[in-house]
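Chemist: Input file: final_27.cif. Contents: mmCIF, C-alpha atoms and all ligand atoms.
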```cif
data_entry
#
loop_
_atom_site.label_atom_id
_atom_site.label_comp_id
_atom_site.auth_asym_id
_atom_site.auth_seq_id
_atom_site.Cartn_x
_atom_site.Cartn_y
_atom_site.Cartn_z
CA MET A 21 2.86 14.93 -11.25
CA ARG A 22 0.44 12.00 -11.18
CA ILE A 23 0.81 8.76 -9.27
CA VAL A 24 -1.55 5.81 -9.03
CA GLN A 25 -1.93 3.80 -5.85
CA LEU A 26 -2.91 0.19 -6.34
CA SER A 27 -3.42 -1.79 -3.15
CA ASP A 28 -4.14 -5.23 -1.76
CA PRO A 29 -4.45 -7.38 -4.90
CA HIS A 30 -3.97 -10.57 -2.77
CA ILE A 31 -2.66 -12.60 -5.70
CA GLU A 32 -2.44 -16.40 -5.64
CA ALA A 33 -1.15 -18.64 -8.43
CA PRO A 34 -3.84 -19.57 -11.03
CA GLU A 35 -4.47 -23.04 -9.56
CA ARG A 36 -5.38 -21.44 -6.20
CA GLN A 37 -7.87 -18.95 -7.64
CA PRO A 38 -10.40 -17.64 -6.84
CA VAL A 39 -9.33 -15.79 -3.68
CA LEU A 40 -12.21 -14.73 -1.42
CA GLY A 41 -14.57 -15.45 -4.29
CA ARG A 42 -12.71 -13.28 -6.79
CA ASN A 43 -10.21 -14.04 -9.52
CA THR A 44 -7.63 -11.62 -8.21
CA ILE A 45 -5.29 -12.16 -11.17
CA THR A 46 -7.96 -10.98 -13.61
CA GLN A 47 -8.79 -8.04 -11.36
CA LEU A 48 -5.13 -6.94 -11.21
CA GLN A 49 -4.86 -7.37 -14.99
CA ASP A 50 -7.92 -5.13 -15.41
CA ALA A 51 -6.37 -2.55 -13.08
CA VAL A 52 -3.10 -2.59 -15.03
CA HIS A 53 -5.00 -2.06 -18.27
CA ALA A 54 -6.98 0.81 -16.75
CA VAL A 55 -3.80 2.47 -15.44
CA ASN A 56 -2.10 2.16 -18.84
CA THR A 57 -5.00 3.95 -20.51
CA LEU A 58 -5.36 6.84 -18.02
CA SER A 59 -5.00 10.36 -19.30
CA PRO A 60 -2.79 11.98 -18.20
CA VAL A 61 -0.56 8.94 -17.85
CA PRO A 62 0.78 8.44 -14.30
CA ASP A 63 4.48 9.04 -13.68
CA PHE A 64 4.59 5.85 -11.64
CA VAL A 65 2.48 3.37 -9.73
CA ILE A 66 2.81 2.47 -6.06
CA LEU A 67 1.46 -0.90 -4.88
CA THR A 68 0.83 -0.50 -1.15
CA GLY A 69 1.08 -4.08 0.02
CA ASP A 70 -0.66 -7.42 0.26
CA GLN A 71 0.75 -8.04 -3.18
CA THR A 72 0.07 -11.74 -2.53
CA ASN A 73 -2.44 -13.55 -0.37
CA GLU A 74 0.00 -15.87 1.42
CA GLY A 75 3.49 -14.81 0.34
CA ALA A 76 4.18 -17.86 -1.86
CA HIS A 77 6.93 -17.81 -4.48
CA ASP A 78 4.55 -18.67 -7.32
CA SER A 79 2.14 -15.94 -6.20
CA PHE A 80 4.93 -13.36 -6.44
CA GLU A 81 5.79 -14.75 -9.88
CA GLN A 82 2.20 -14.07 -10.89
CA VAL A 83 2.34 -10.53 -9.46
CA LYS A 84 5.55 -9.91 -11.39
CA GLN A 85 4.06 -11.19 -14.61
CA VAL A 86 0.94 -9.01 -14.39
CA LEU A 87 2.77 -5.86 -13.23
CA GLY A 88 5.24 -6.39 -16.08
CA ARG A 89 2.51 -5.11 -18.40
CA LEU A 90 2.46 -1.70 -16.71
CA GLN A 91 3.88 0.95 -18.99
CA MET A 92 5.50 2.78 -16.08
CA THR A 93 7.60 1.96 -13.02
CA CYS A 94 5.82 0.28 -10.12
CA HIS A 95 7.16 0.75 -6.58
CA LEU A 96 6.37 -2.06 -4.17
CA VAL A 97 5.38 -1.95 -0.50
CA LEU A 98 5.22 -5.05 1.69
CA GLY A 99 1.97 -5.95 3.49
CA ASN A 100 1.11 -8.44 6.21
CA HIS A 101 0.06 -11.08 3.63
CA ASP A 102 3.50 -10.90 1.96
CA ALA A 103 6.80 -12.49 3.01
CA ARG A 104 10.18 -10.76 2.70
CA THR A 105 12.38 -13.58 1.46
CA PRO A 106 10.15 -14.73 -1.46
CA PHE A 107 9.48 -11.07 -2.26
CA ARG A 108 13.19 -10.32 -2.44
CA ARG A 109 13.93 -13.45 -4.48
CA ILE A 110 11.16 -13.01 -7.07
CA MET A 111 10.31 -9.31 -7.19
CA LEU A 112 13.83 -7.93 -6.57
CA GLY A 113 15.72 -10.78 -8.27
CA GLU A 114 18.03 -11.42 -5.31
CA ASP A 115 19.81 -14.79 -5.73
CA THR A 116 20.49 -15.04 -2.01
CA PRO A 117 17.60 -13.06 -0.56
CA SER A 118 17.97 -11.50 2.84
CA SER A 119 15.12 -11.07 5.28
CA ASP A 120 15.97 -7.38 5.70
CA ARG A 121 13.18 -4.85 5.73
CA TYR A 122 12.57 -3.15 2.39
CA TYR A 123 12.42 0.66 2.52
CA TYR A 124 13.86 3.43 0.38
CA THR A 125 13.42 6.92 -1.02
CA VAL A 126 12.62 8.03 -4.57
CA LYS A 127 13.01 11.64 -5.66
CA GLN A 128 11.23 12.58 -8.86
CA ASN A 129 9.96 15.81 -10.44
CA GLY A 130 10.77 17.78 -7.28
CA TYR A 131 8.90 15.45 -4.93
CA ARG A 132 10.14 12.85 -2.46
CA PHE A 133 8.44 9.50 -1.97
CA ILE A 134 9.42 7.31 0.96
CA ILE A 135 8.48 3.63 0.90
CA LEU A 136 8.27 2.08 4.38
CA ASP A 137 8.12 -1.54 5.55
CA THR A 138 5.59 -2.25 8.32
CA LEU A 139 5.43 -6.04 7.85
CA ASP A 140 5.67 -7.86 11.20
CA GLU A 141 5.97 -11.42 9.88
CA GLY A 142 3.35 -13.79 11.29
CA LYS A 143 1.06 -10.98 12.42
CA VAL A 144 -1.85 -9.10 10.83
CA THR A 145 -0.91 -5.89 12.62
CA GLY A 146 2.10 -3.83 11.54
CA LEU A 147 5.26 -2.82 13.38
CA MET A 148 8.30 -0.71 12.52
CA ASP A 149 11.77 -1.38 13.90
CA LYS A 150 14.10 1.16 15.51
CA SER A 151 16.64 1.20 12.70
CA GLN A 152 13.97 2.03 10.10
CA LEU A 153 12.61 4.82 12.30
CA ASP A 154 16.14 6.18 12.82
CA TRP A 155 16.65 6.10 9.04
CA LEU A 156 13.32 7.83 8.37
CA GLU A 157 14.03 10.58 10.87
CA ALA A 158 17.41 11.30 9.27
CA GLU A 159 15.95 11.10 5.77
CA LEU A 160 13.21 13.63 6.48
CA ALA A 161 15.65 16.00 8.19
CA GLU A 162 17.99 15.93 5.21
CA GLU A 163 15.79 18.11 2.98
CA GLU A 164 13.25 19.83 5.17
CA GLU A 165 11.56 21.73 2.33
CA LEU A 166 10.94 18.88 -0.10
CA PHE A 167 7.24 17.99 -0.70
CA THR A 168 7.13 14.45 0.68
CA VAL A 169 4.74 11.52 0.39
CA ILE A 170 5.11 8.38 2.54
CA CYS A 171 3.79 5.03 1.31
CA MET A 172 3.19 2.22 3.83
CA HIS A 173 0.81 -0.70 4.20
CA HIS A 174 -0.62 -0.31 7.71
CA PRO A 175 -2.36 2.96 8.64
CA PRO A 176 -0.46 4.57 11.54
CA ILE A 177 -3.57 6.11 13.14
CA SER A 178 -7.19 5.18 13.71
CA VAL A 179 -9.44 5.02 10.66
CA GLY A 180 -12.49 5.30 12.93
CA VAL A 181 -13.73 1.71 12.52
CA ASP A 182 -13.14 -0.51 15.56
CA TRP A 183 -12.48 -3.83 13.81
CA MET A 184 -10.04 -2.20 11.38
CA ASP A 185 -8.33 -0.16 14.11
CA ALA A 186 -7.49 -3.41 15.94
CA LEU A 187 -5.29 -4.41 12.98
CA ILE A 188 -3.32 -1.23 12.16
CA LEU A 189 0.28 -0.21 12.97
CA GLN A 190 1.25 -1.01 16.56
CA GLU A 191 3.40 1.28 18.72
CA PRO A 192 3.06 4.22 16.31
CA GLU A 193 4.09 6.88 18.84
CA ARG A 194 7.61 7.57 17.60
CA LEU A 195 6.55 7.48 13.95
CA LEU A 196 3.84 10.05 14.64
CA ARG A 197 6.35 12.26 16.45
CA ILE A 198 8.59 12.09 13.37
CA PHE A 199 5.61 12.98 11.17
CA ASP A 200 4.69 15.92 13.38
CA ALA A 201 8.25 17.29 13.22
CA SER A 202 8.28 17.16 9.40
CA PRO A 203 6.20 19.93 7.81
CA CYS A 204 7.44 18.79 4.37
CA LEU A 205 5.39 15.62 4.80
CA LYS A 206 2.02 16.24 3.13
CA LEU A 207 0.56 12.82 2.44
CA VAL A 208 0.73 9.27 3.78
CA LEU A 209 -0.67 6.60 1.43
CA CYS A 210 -1.75 3.34 3.09
CA GLY A 211 -3.46 0.10 2.15
CA HIS A 212 -4.54 -2.77 4.41
CA VAL A 213 -8.09 -1.63 5.26
CA HIS A 214 -9.50 -2.27 1.73
CA HIS A 215 -11.53 0.93 2.02
CA PRO A 216 -10.86 4.54 1.04
CA PHE A 217 -10.47 6.86 4.00
CA GLN A 218 -9.18 10.44 4.09
CA ILE A 219 -7.94 11.29 7.58
CA PRO A 220 -6.49 14.68 8.50
CA HIS A 221 -3.65 14.51 11.02
CA ASN A 222 -2.20 17.89 12.01
CA GLU A 223 -0.58 19.28 8.85
CA LEU A 224 -0.77 16.13 6.77
CA THR A 225 -3.44 13.82 5.40
CA ILE A 226 -3.52 10.04 5.59
CA LEU A 227 -5.23 8.40 2.63
CA THR A 228 -6.12 4.73 2.46
CA ALA A 229 -6.96 2.94 -0.76
CA PRO A 230 -9.72 0.64 -1.87
CA ALA A 231 -8.51 -2.86 -2.79
CA ILE A 232 -7.89 -4.57 -6.10
CA SER A 233 -9.23 -7.77 -4.43
CA VAL A 234 -12.32 -7.30 -2.21
CA GLN A 235 -13.67 -4.24 -0.41
CA PHE A 236 -14.17 -4.36 3.37
CA ARG A 237 -17.34 -3.31 5.18
CA LYS A 238 -17.09 -0.76 7.95
CA ALA A 239 -19.85 -2.65 9.78
CA PRO A 240 -19.60 -6.46 9.36
CA LEU A 241 -22.88 -8.18 8.43
CA PRO A 242 -24.69 -9.63 11.44
CA PRO A 243 -25.14 -13.41 11.89
CA PRO A 244 -25.97 -15.72 10.16
CA ALA A 245 -23.28 -14.17 7.93
CA GLU A 246 -19.88 -15.51 8.97
CA LYS A 247 -16.32 -14.26 8.64
CA PRO A 248 -14.63 -13.69 6.34
CA HIS A 249 -17.58 -13.04 4.03
CA ALA A 250 -19.39 -10.94 6.63
CA LEU A 251 -16.57 -8.42 6.14
CA PHE A 252 -16.82 -8.02 2.35
CA THR A 253 -18.99 -5.95 0.06
CA ASP A 254 -19.85 -6.71 -3.55
CA ALA A 255 -18.26 -3.43 -4.68
CA PRO A 256 -15.91 -3.66 -7.67
CA PRO A 257 -12.14 -3.22 -7.38
CA ALA A 258 -10.87 0.34 -7.37
CA PHE A 259 -7.64 2.29 -7.15
CA ARG A 260 -6.57 5.77 -6.13
CA ILE A 261 -5.17 8.50 -8.38
CA VAL A 262 -3.15 11.28 -6.70
CA ASP A 263 -2.20 14.44 -8.58
CA LEU A 264 0.54 16.54 -6.99
CA SER A 265 1.44 20.15 -7.65
CA PRO A 266 3.56 22.67 -5.76
CA GLU A 267 0.33 24.04 -4.30
CA GLY A 268 -0.86 20.72 -2.94
CA TRP A 269 -2.60 17.53 -4.00
CA GLU A 270 -5.89 16.20 -5.30
CA THR A 271 -7.17 12.66 -5.32
CA THR A 272 -9.86 10.67 -7.09
CA LEU A 273 -10.88 7.01 -7.08
CA HIS A 274 -11.08 4.94 -10.25
CA HIS A 275 -13.56 2.04 -10.07
CA LEU A 276 -13.23 -0.99 -12.31
CA SER A 277 -16.40 -2.63 -13.57
CA SER A 278 -17.20 -5.81 -11.62
FE FE A 301 -5.16 -6.69 2.28
FE FE A 302 -3.05 -6.03 4.97
#
```
When written as structure tokens, how does the structure in this file appear?

Modeler:
Amino acid sequence: MRIVQLSDPHIEAPERQPVLGRNTITQLQDAVHAVNTLSPVPDFVILTGDQTNEGAHDSFEQVKQVLGRLQMTCHLVLGNHDARTPFRRIMLGEDTPSSDRYYYTVKQNGYRFIILDTLDEGKVTGLMDKSQLDWLEAELAEEEELFTVICMHHPPISVGVDWMDALILQEPERLLRIFDASPCLKLVLCGHVHHPFQIPHNELTILTAPAISVQFRKAPLPPPAEKPHALFTDAPPAFRIVDLSPEGWETTLHHLSS
């Protein structure tokens, strides 16, 4: 089974482009085209958050329009740059959108994928609520043998870069205890840090994805460079491909030309 992880496209409506010096609509369009022409074709795509740059309704409309060209299902994760109510109205088509957290399970081809919601509205860092953690614990215990992949925006553990680690999931202790009690959990796919990391954690591996918008530097440029540009590289957009088999998983990165 093959899945593609797109992350952090940071879309704004056309009149507010470019974003951080990039036309993020064009970059997401290029990613969608590249995904559609992969061989083998992915079974589905997971977009691990920061779908939009500021959570605006018209930005989500743009995301929906571009992702509509994907030839396979796309599962959606919320990031800190998103907003639940516009997301639910535009992306989920809810007439009276709630502000409820958005998390669910997909079972496909003998694998289980769990989409989590770490958005803590108004904050860059992530946070999970008790009811979602209760749900996750029960969900994982339900089928203890099923090869499981979790998809979430904020990394739940250190990526080893101080400025990024200040912005990851807060209060992760209970989540990590749930992970450690779930040997069926093999992979956790995260976004947020705009950089590909591969971090072993006990029996599982946490993978982060490069961004469809701009790539972050591990070491910000010294002055006179200023934020936010001191944090970016000129590297082209990229996405992650993950191939799953009963024996395990393999991953590669696919870089788009700049
Ligand atoms: Fe992001
Ligand atoms: Fe983020």

Chemist: Identify, counting all atoms listed in the file, the protein, DNA and RNA residues located within 6 Å of ligand FE 301 (chain A), and give them as a short mmCIF file (atom, residue, chain, number, x, y, z; two decimals) with C-alpha atoms, keeping the file's coordinate frame.

Modeler:
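The file below, result_2.cif, is the result:
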```cif
data_model
loop_
_atom_site.label_atom_id
_atom_site.label_comp_id
_atom_site.auth_asym_id
_atom_site.auth_seq_id
_atom_site.Cartn_x
_atom_site.Cartn_y
_atom_site.Cartn_z
CA ASP A 28 -4.14 -5.23 -1.76
CA ASP A 70 -0.66 -7.42 0.26
CA HIS A 212 -4.54 -2.77 4.41
#
```

Chemist: Report as a tab-separated table the residues of chain A within 7 Å of ligand FE 302 (chain A), each with its shortest atom pair and distance in Å (one decimal), using only C-alpha atoms and all ligand atoms, ordered by chain and increasing residue number.

Modeler:
```
residue	atom	partner	partner_atom	distance
A:Asp28	CA	A:FE302	FE	6.9
A:Gly69	CA	A:FE302	FE	6.7
A:Asp70	CA	A:FE302	FE	5.5
A:Gly99	CA	A:FE302	FE	5.2
A:Asn100	CA	A:FE302	FE	5.0
A:His101	CA	A:FE302	FE	6.1
A:Val144	CA	A:FE302	FE	6.7
A:His173	CA	A:FE302	FE	6.6
A:His174	CA	A:FE302	FE	6.8
A:Gly211	CA	A:FE302	FE	6.8
A:His212	CA	A:FE302	FE	3.6
A:Val213	CA	A:FE302	FE	6.7
```

Chemist: Suppose you want the space between CA of Phe64 in chain A and CA of His95 in chain A; what is it in Å?

Modeler: 7.6 Å

Chemist: Report, in Å with one decimal, the straight-line distance from CA of Phe107 in chain A to CA of Glu157 in chain A.

Modeler: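 Straight-line distance from CA of Phe107 in chain A to CA of Glu157 in chain A works out to 25.7 Å.
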
Chemist: Identify, on the basis of only C-alpha atoms, every residue whose closest approach to Gln85 in chain A does not exceed 12 Å; exclude the query and any residue fewer than 3 positions from it along the same chain; express the result as a PyMOL selection string.

Modeler: chain A and resi 31+33+45+48-49+52+78-82+88-90+110-111

Chemist: Please work out which residues fall within 12 Å of (-8.7, -2.3, 15.2), coordinates as given in the file, with only C-alpha atoms counting, and return them as a list in words.

Modeler: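 Here is the list of nearby residues: Val144, Thr145, Gly146, His174, Pro175, Pro176, Ile177, Ser178, Val179, Gly180, Val181, Asp182, Trp183, Met184, Asp185, Ala186, Leu187, Ile188, Leu189, Gln190, His212, Val213 and Lys238 of chain A.
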
Chemist: Kindly indicate which residue among A:Pro60, A:Pro230, A:Gly41, A:Gly142 lies nearest to Gly75 in chain A, using only C-alpha atoms for the distances.

Modeler: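 Nearest candidate to Gly75 in chain A out of A:Pro60, A:Pro230, A:Gly41, A:Gly142: A:Gly142.
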
Chemist: My list of candidates is A:Pro257, A:Ile226, A:Asn73, A:Gln91. Which is closest to Pro38 in chain A when distances are computed with only C-alpha atoms?

Modeler: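 Of A:Pro257, A:Ile226, A:Asn73, A:Gln91, the one nearest Pro38 in chain A is A:Asn73, counting only C-alpha atoms.
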
Chemist: Within 8 Å of range 198-200 of chain A, counting all atoms listed in the file, which residues show up once you throw out same-chain ones fewer than 4 positions away? Write them as a list in words, please.

Modeler: Glu157, Arg194, Leu205, Asn222 and Glu223 of chain A

Chemist: Can you work out the spacing between CA of Thr272 in chain A and CA of Ile66 in chain A in Å, to one decimal?

Modeler: 15.1 Å

Chemist: Hey, which of A:Gln235, A:Gln152, A:Glu35, A:Pro240 ends up closest to Pro256 in chain A? Count all atoms listed in the file.

Modeler: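 Once distances to Pro256 in chain A are computed over all atoms listed in the file, the minimum belongs to A:Gln235.
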
Chemist: Please identify all polymer residues lying at most 6 Å from the point (-5.0, 4.6, -7.5) (file coordinates), using only C-alpha atoms, and present the result as a list in words.

Modeler: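 With a cut-off of 6 Å, the residues come to Val24, Gln25, Leu26, Phe259, Arg260 and Ile261 of chain A.
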
Chemist: Next, write the just-selected residues to a file, as a JSON list (two decimals), in the coordinates of the input, keeping C-alpha atoms as the atom set.

Modeler:
```json
[["chain", "number", "residue", "atom", "x", "y", "z"],
["A", 24, "VAL", "CA", -1.55, 5.81, -9.03],
["A", 25, "GLN", "CA", -1.93, 3.80, -5.85],
["A", 26, "LEU", "CA", -2.91, 0.19, -6.34],
["A", 259, "PHE", "CA", -7.64, 2.29, -7.15],
["A", 260, "ARG", "CA", -6.57, 5.77, -6.13],
["A", 261, "ILE", "CA", -5.17, 8.50, -8.38]]
```

Chemist: First collect every listed atom of range 253-257 of chain A; then fit an axis-aligned box around them, widen it by 3 Å on each side, and give centre and edge lengths in Å to one decimal, as JSON.

Modeler:
```
{"center_x": -16.0, "center_y": -5.0, "center_z": -3.8, "size_x": 13.7, "size_y": 9.5, "size_z": 13.7}
```

Chemist: Counting all atoms listed in the file, figure out which residue out of A:Leu40, A:Arg104, A:Cys204, A:Thr57 gets nearest to Asp254 in chain A.

Modeler: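 Smallest separation from Asp254 in chain A among the options: A:Leu40.
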
Chemist: Leaving out Leu160 in chain A and any residue of its chain fewer than 6 positions from it, which residues lie within 12 Å of it when counting all atoms listed in the file, given as a ChimeraX atom specification?

Modeler: /A:124-125,132-134,153-154,166-170,195,198-206
